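Comments concern the structure below.
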Amino acid sequence: MKDILMFPINIFIYAGKGVRYTFNVLTGKTKKEKTFKLEGEELAKELARIKEESNEFKGKQVEIVDEKKKVKPKSIQFKYIVKASNGEKIKGTFDAETKDDVRIFLVNGGYEVISIEPAKKWEINITLGSDKISNNDLAFMLTQLSTYVKAGIPLIDSVRILSKQATKPMHRRILDKVVYELVMGEKFSAALEKQEKVFPKLLINMIKTSEMTGDLAGTLDEMADYYTEIEKSRKQMISAMIYPSVILCLAIAALVFVIVTVVPQFIDMFESNNATLPSITIFIVNMSNFLTGYWYIIALVLLAVLIIYRLLFKNVKPFRKFMQTLFMRMPVIGKVIIYNEVTNLTRTFASLLNHNVFITDSMEILSTLSDNEIYKDIINRTLIGLSKGDKISETFKGEWAFPIIAYEMLVTGENTGQLALMMEKVADYYQELHKNAVTAIKSLVEPVIICVLAVGVGFILLSIILPMFDLYQQL
């Protein structure tokens, strides 16, 4: 099924490569410019070979977390009834491997165990949707945890306090699992890693680094600030996308309403008076009849297109890369996307460097964090370049998705030994540009939509007025 869906896309991909190669041959730029950029499967194979053979990837400082390679531990859901220190009876559920593990967890939490038994199949709690904690909630949790650790409270007790203070049942359940892993002797990073997709990979890797340096509280504070800034950028991005989309949908809905409900009334009047209908009116009539008679087909087609697009975007890497490139090449929206990606990339890179994470480890972590295939390819090519002794800037040079100002500051950071500082300044600079671009979109979208709506309404009015002239001539 995947090959069938990919067939028309592959035609465009290979056709584009052929046109680019022919153009390079005619202009004599086949080997005079930069070395050919590896992409797709070729890039993945070369990177895998480099990791096998290069000394740069041996003896890693941090073992990179990759969710796809993680083995999920088998656990059973247990029901329990306990008595708190104030005499209150509490009922709940907990996932663990054995009944004794649940008992140890509850006793360490200061509860008196009344009963523990495996949950029946029909009693198992099933969580719908994603368990991932939002950036705002995560930043708040990290700030609280840092405060408790600085106050001298043991880590297990600190996380347990967070669990008891949690107002959302999902957060309490997640934190209880972390406490359970800590009680069973796991490191904090390993406890977070076992929560599947709940905690970000960057946070887990940064906690691993802090366990080596002994600065857990400082890392928690920096990560809290990091996720606060990331949330600001995310909200700006959502604002930039939602506002024009809502205005455009309302404009289209208004035009459809006029075509479906208002136009047919005038058409009946024209036909009853034997008025001659011009081409523009016939076009509007046909559109009105089509929308009225086949609206369910249009709805099904749109739904099918959205589902197919989502499946392709999620599961087919070449299609995802093609669409991301298309969006990033758009005049206004493209800048917003690029500014957002550069901000997140450089801010994360700076945070890793500030915690003395090796360059190769930092790049590997960045490659697992990014969802944008264009930047993933750039990072992977950088990893290959680093294995050959190249500088980071040599790979980023000439990349259309990495602005020239960011590149120049990257070069400056490498030459002065202040790469982390330069990356922080790049992140701040492009976050401000991103904010300005979002503001510009909001200010431009209204007049553009008004113009489009005016043209559409004018077209409909013209289709109604022209037949009226014919009626007046008949009188």
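How things are named: the first chain in the structure tokens is A, the next is B, and so on; residues count from 1 in each chain; ligands count from 1 in the order shown.
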Taking the chain letters and numbering used in this document, name the residues of stretch 76-115 of chain A that DSSP puts in strand (DSSP E or B), as a list in words.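 Answer for stretch 76-115 of chain A restricted to strand (DSSP E or B) is Ile76, Gln77, Phe78, Lys79, Tyr80, Ile81, Val82, Lys83, Lys89, Ile90, Lys91, Gly92, Thr93, Phe94, Asp95, Ala96, Glu112, Val113, Ile114 and Ser115 of chain A.
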Stretch 117-354 of chain A: residues DSSP assigns to alpha helix (DSSP H), reported as a PyMOL selection string: chain A and resi 135-150+155-165+169-183+188-193+201-213+216-257+263-272+279-293+295-315+317-329+333-354
Show which residues sit within 12 Å of A:Arg172, as a PyMOL selection string. Count only C-alpha atoms, and ignore same-chain residues fewer than 4 positions away. chain A and resi 92-94+131+133+141+159-168+176-179
Residue contacts of A:Leu433 (10 Å, only C-alpha atoms) excluding same-chain residues fewer than 3 positions away, as number ranges by chain: A: 335-336, 339-340, 343, 427-430, 436-439
For the selection just defined, write its residues with C-alpha atoms to a file, as a compact mmCIF listing (two decimals), in the first residue's frame.
```txt
# COMPACT_ATOMS: atom_id res chain seq x y z
CA LYS A 335 9.71 32.67 7.14
CA VAL A 336 7.58 31.95 10.19
CA TYR A 339 12.42 31.33 12.23
CA ASN A 340 10.65 28.94 14.60
CA THR A 343 15.03 29.32 17.27
CA ALA A 427 17.84 31.94 19.37
CA ASP A 428 16.88 35.28 20.93
CA TYR A 429 17.28 37.13 17.62
CA TYR A 430 15.16 34.73 15.59
CA ASN A 436 7.43 40.15 14.27
CA ALA A 437 6.57 37.80 11.39
CA VAL A 438 3.50 36.57 13.26
CA THR A 439 2.42 40.17 13.88
```
Using only C-alpha atoms, which of the listed residues (A:Asn108, A:Thr147, A:Gln236, A:Ser288) sits closest to A:Lys435?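 For A:Lys435, the nearest of the given residues is A:Gln236.
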Which residues, written as an mmCIF file with C-alpha atoms, in the first residue's frame, have at least one atom at most 12 Å from A:Ser279, with only C-alpha atoms counted and residues fewer than 3 positions away on the same chain left out?
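See selection.cif below for the written result:
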```
data_model
loop_
_atom_site.group_PDB
_atom_site.id
_atom_site.type_symbol
_atom_site.label_atom_id
_atom_site.label_comp_id
_atom_site.auth_asym_id
_atom_site.auth_seq_id
_atom_site.Cartn_x
_atom_site.Cartn_y
_atom_site.Cartn_z
ATOM 1 C CA THR A 276 -31.420 35.575 -20.912
ATOM 2 C CA ILE A 282 -24.784 30.174 -15.717
ATOM 3 C CA PHE A 283 -21.467 29.431 -14.038
ATOM 4 C CA ILE A 284 -22.798 30.594 -10.640
ATOM 5 C CA VAL A 285 -26.028 28.610 -11.180
ATOM 6 C CA ASN A 286 -24.078 25.428 -11.947
ATOM 7 C CA PHE A 459 -18.497 38.259 -8.966
ATOM 8 C CA LEU A 462 -22.354 40.783 -11.285
ATOM 9 C CA SER A 463 -23.953 37.436 -12.118
ATOM 10 C CA ILE A 464 -27.237 38.771 -10.656
ATOM 11 C CA LEU A 466 -26.461 41.354 -15.706
ATOM 12 C CA PRO A 467 -29.715 39.346 -16.092
#
```
Quick one: residues within 12 Å of A:Asp101, only C-alpha atoms, excluding same-chain residues fewer than 3 positions away - as a list in words? Ser75, Ile76, Gln77, Phe78, Phe94, Asp95, Ala96, Glu97, Thr98, Ile104, Phe105, Leu106, Val107, Asn108, Ile116, Lys177, Val179, Tyr180, Glu181, Leu182, Val183, Met184 and Gly185 of chain A
Figure out the distance between atom CA of A:Leu353 and atom CA of A:Val149, please, to one decimal in Å.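 Those two atoms sit 23.6 Å apart.
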Need to verify the contact set: stretch 400-417 of chain A, 8 Å, only C-alpha atoms, exclusion of same-chain residues closer than 5 positions in sequence. Can you return it as an MDAnalysis selection string? chainID A and resid 338 342 374:375 393 422:423 426
Those same residues, written as an mmCIF file, in the first residue's frame with C-alpha atoms?
```
data_model
loop_
_atom_site.group_PDB
_atom_site.id
_atom_site.type_symbol
_atom_site.label_atom_id
_atom_site.label_comp_id
_atom_site.auth_asym_id
_atom_site.auth_seq_id
_atom_site.Cartn_x
_atom_site.Cartn_y
_atom_site.Cartn_z
ATOM 1 C CA ILE A 338 12.124 28.797 9.410
ATOM 2 C CA VAL A 342 16.067 27.968 13.869
ATOM 3 C CA ILE A 374 15.215 19.264 6.169
ATOM 4 C CA TYR A 375 16.956 20.084 9.452
ATOM 5 C CA SER A 393 29.878 25.648 9.953
ATOM 6 C CA MET A 422 26.408 32.744 20.016
ATOM 7 C CA MET A 423 23.689 30.108 19.711
ATOM 8 C CA VAL A 426 20.814 33.495 17.535
#
```
Stretch 439-468 of chain A near stretch 252-262 of chain A within 8 Å: what's each residue's closest atom pair and its distance in Å to one decimal, counting only C-alpha atoms, ordered by chain then ascending residue number, as CSV?
```
residue,atom,partner,partner_atom,distance
A:Leu453,CA,A:Leu255,CA,7.6
A:Gly456,CA,A:Leu255,CA,7.0
A:Val457,CA,A:Leu255,CA,7.0
A:Ile460,CA,A:Ile259,CA,7.6
```
Go ahead and compute the interatomic distance for atom CA of A:Lys83 and atom CA of A:Val113, in Å to one decimal.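 Straight-line distance from atom CA of A:Lys83 to atom CA of A:Val113 works out to 6.5 Å.
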